[in-house]
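What follows is a single structure, written as C-alpha cells, with notes after it.
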Amino acid sequence: LVVEALATASTRVGVLEPLRGRVYQQRHLEAARQLGDGALYARALCAEAVWRSARGPRRRQQVDLLLREAAEVSAYDRTPRNAARLTLARAMTSFMLGDLSSARPAVDEAHDALDRCGDGRWWELRQAKTYASWIYWMTGDYAEFIRTVPRWAQEARERDDAFTYSMMTAATSNEAWLLADDVARAESQIEEAERTWTLHRIAPMRWYLASARANLELYRQSPAKALATLDAAEPAARKAGLAHVHALHASMTHLRLRATLASAAQATSPAQRKAQLASVAVLGRTLARLGTPCTQALAGLTFATHLELLGRRDEAIVAYRRSHLELCEAHLGGYALAARWRAASLQGGLEGETERVDVEQRHAATIVAPSRFFRHLLGG
C-alpha cells in the first residue's frame with residue numbers, strides 16, 4: 001500500500017507540481033526497491049527514467065541504464081500491462097530527450113497495448129494519448145494528429161475526464177483546429193478548458209492553456225497579444241518549476257521566439273525591429289544550447305527567419321534549405337515542410353513557384369490554409 005500510495009503521489013502530484021512530485025518519486029523508488037516485488041520495482045524504475053529524462057539530454061546515460069534495469073526486472077513478470085508500461089516509458093523518455101524517431105513507434109505500440117489491457121490502465125492510457133498527440137504534432141504526421149486528437153477529446157468529454165479533455169484541446173493539441181483553419185473552434189476549445197480550470201491554481205494546466213492562447217494569436221497574426229499572454233503566464237509557470245522540465249523549457253523558449261519574430265516582422269520603426277531582433281538572437285542561442293536534436297534544428301529554422309527579416313534574402317533561402325534538411329534529420333516533419341515552403345516562396349520564379357504549389361497541394365487534405373499555417377509556425 002505504501003508503494004502504491006507513493007507511486008500515485010509521484011505521478012499525480014508531479015503533473016501538478018513537478019518539484020514536489022520529484023520528492024515523492026524518490027521515496028517511491030526506494031520503497032519499491034526495499035519491498036522486492038519485481039513488477040512494482042520495474043514500474044518505479046520506469047517512472048524514475050521519465051523523471052530523469054525531464055532534466056534533459058545530459059541525463060541520457062542514466063535514463064538508458066534505468067530502462068535497461070527495468071527491462072531485466074520485468075523479464076520475470078512479463079504481463080501485458082508491465083510490458084506496455086516499459087514501452088510507454090521508452091516513448092516518454094525518447095520524447096523528452098528529443099529522439100522523435102524512437103518516440104513515434106514506441107508510443108504507438110504502448111497505446112495499442114494499453115488499449116487491450118482492460119480495466120486498471122486508465123492513467124497510463126491517458127499518458128499515452130497525451131504523448132502521442134505531442135509526438136504526432138512534432139513529427140508532422142498531421143493526418144494522424146487530426147484523426148486522433150478531436151476523437152480523444154470527445155471521448156474524454158463523454159467520460160467527464162477534465163484533465164485529458166483539456167490536454168486534447170490546449171497547448172499543441174489545439175493545432176488540430178488551426179490545421180482546419182477553424183479559428184472560432186480553436187478558441188472555443190481553449191475557453192471551455194479555461195472555464196474548467198478557473199477555480200484550480202494548477203500551474204502546468206494554466207501554462208498549457210496560455211500557450212494555446214498565445215499560439216492562436218500568432219495564427220491570427222497578432223504577435224503583440226501573443227507576447228502579452230506569455231508575459232502574463234510565464235512568471236507563475238517558472239515559479240512552479242516548469243522551466244526545470246527540459247521539454248517545457250524548450251517549448252516556452254520556442255513559442256516566445258516565434259512570437260518575437262512575428263512582432264519584429266510587424267515592427268513600425270527601425271529601433272523597435274532592432275530591439276526585437278536582438279531578443280531573437282538571444283532566444284535562438286538559448287534554444288540551441290538546450291542541446292537536443294529538436295531544439296538545435298528549431299534554432300536553425302529561426303536563424304533562417306531572422307536572416308529574412310534582416311533583408312538578407314539569398315542567405316535566408318540557403319538557410320531555409322539547410323534547415324529543411326536538419327529538421328528532417330530530427331524528424332520534425334511539420335517544421336521541415338514549413339522551411340521548404342518558405343524557401344520556395346522566397347526563391348520565386350517558375351522553379352520556386354512550382355515547388356511552393358507542390359507543397360501546398362500535396363498537403364491540402366490536412367492543411368486548409370497553408371500560407372497562414374506555415375507563417376505562424378515560422379513566426380516571420
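Going by the C-alpha cells order, chains are called A, B, ..., each with residues numbered from 1, while ligands are numbered from 1 in the order shown.
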**Study point:** Residues within 12 Å of Ala267 in chain A, only C-alpha atoms, excluding chain neighbours under 4 positions, as a list in words
**Key:** Ser222, Pro223, Ala224, Thr260, Leu261, Ala262, Ser263, Ala271, Gln272, Arg273, Lys274, Ala275, Gln276, Leu277, Leu309 and Gly380 of chain A
Practice item. Determine, counting only C-alpha atoms, which protein, DNA and RNA residues have an atom within 7 Å of an atom of range 128-140 of chain A; residues of the same chain fewer than 6 positions away are not included. Present the result as a ChimeraX atom specification. Key: /A:88,92,104,107,110-111,149,167,172-173,331-334
Kindly export the residues of the current selection with C-alpha atoms, as a JSON list (two decimals), in the first residue's frame.
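Final output, selection.json:
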[["chain", "number", "residue", "atom", "x", "y", "z"],
["A", 88, "LEU", "CA", 5.40, 3.79, -22.69],
["A", 92, "MET", "CA", 8.06, 9.30, -22.96],
["A", 104, "ARG", "CA", 6.94, 7.57, -32.51],
["A", 107, "VAL", "CA", 4.14, 5.48, -28.31],
["A", 110, "ALA", "CA", 2.32, 1.46, -25.96],
["A", 111, "HIS", "CA", -1.06, 2.97, -26.79],
["A", 149, "VAL", "CA", -6.92, 14.38, -31.19],
["A", 167, "MET", "CA", -4.79, 18.18, -22.76],
["A", 172, "THR", "CA", -0.09, 21.93, -29.25],
["A", 173, "SER", "CA", -3.22, 19.76, -29.42],
["A", 331, "HIS", "CA", 12.08, 14.07, -37.56],
["A", 332, "LEU", "CA", 10.37, 17.43, -37.17],
["A", 333, "GLY", "CA", 8.29, 16.89, -40.28],
["A", 334, "GLY", "CA", 5.86, 19.81, -40.00]]
Exercise for review: Tell me, as a ChimeraX atom specification, which residues lie within 10 Å of His363 in chain A, counting only C-alpha atoms; anything in the same chain fewer than 4 positions away does not count.
Suggested key: /A:142-143,337,358-359,367-368,370
Practice item. Please return as number ranges by chain: the residues of range 162-379 of chain A that backbone DSSP assigns to helix (DSSP H, G or I). Key: A: 162-167, 171-179, 183-196, 203-219, 223-239, 242-244, 246-265, 270-289, 293-309, 313-329, 333-347, 349-362, 370-378
**Study point:** Residue nearest Leu301 in chain A among A:Ala339, A:Val280, A:Leu230, A:Met168 (counting only C-alpha atoms)
**Key:**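 Residue with the minimum atom-to-atom distance to Leu301 in chain A: A:Ala339.
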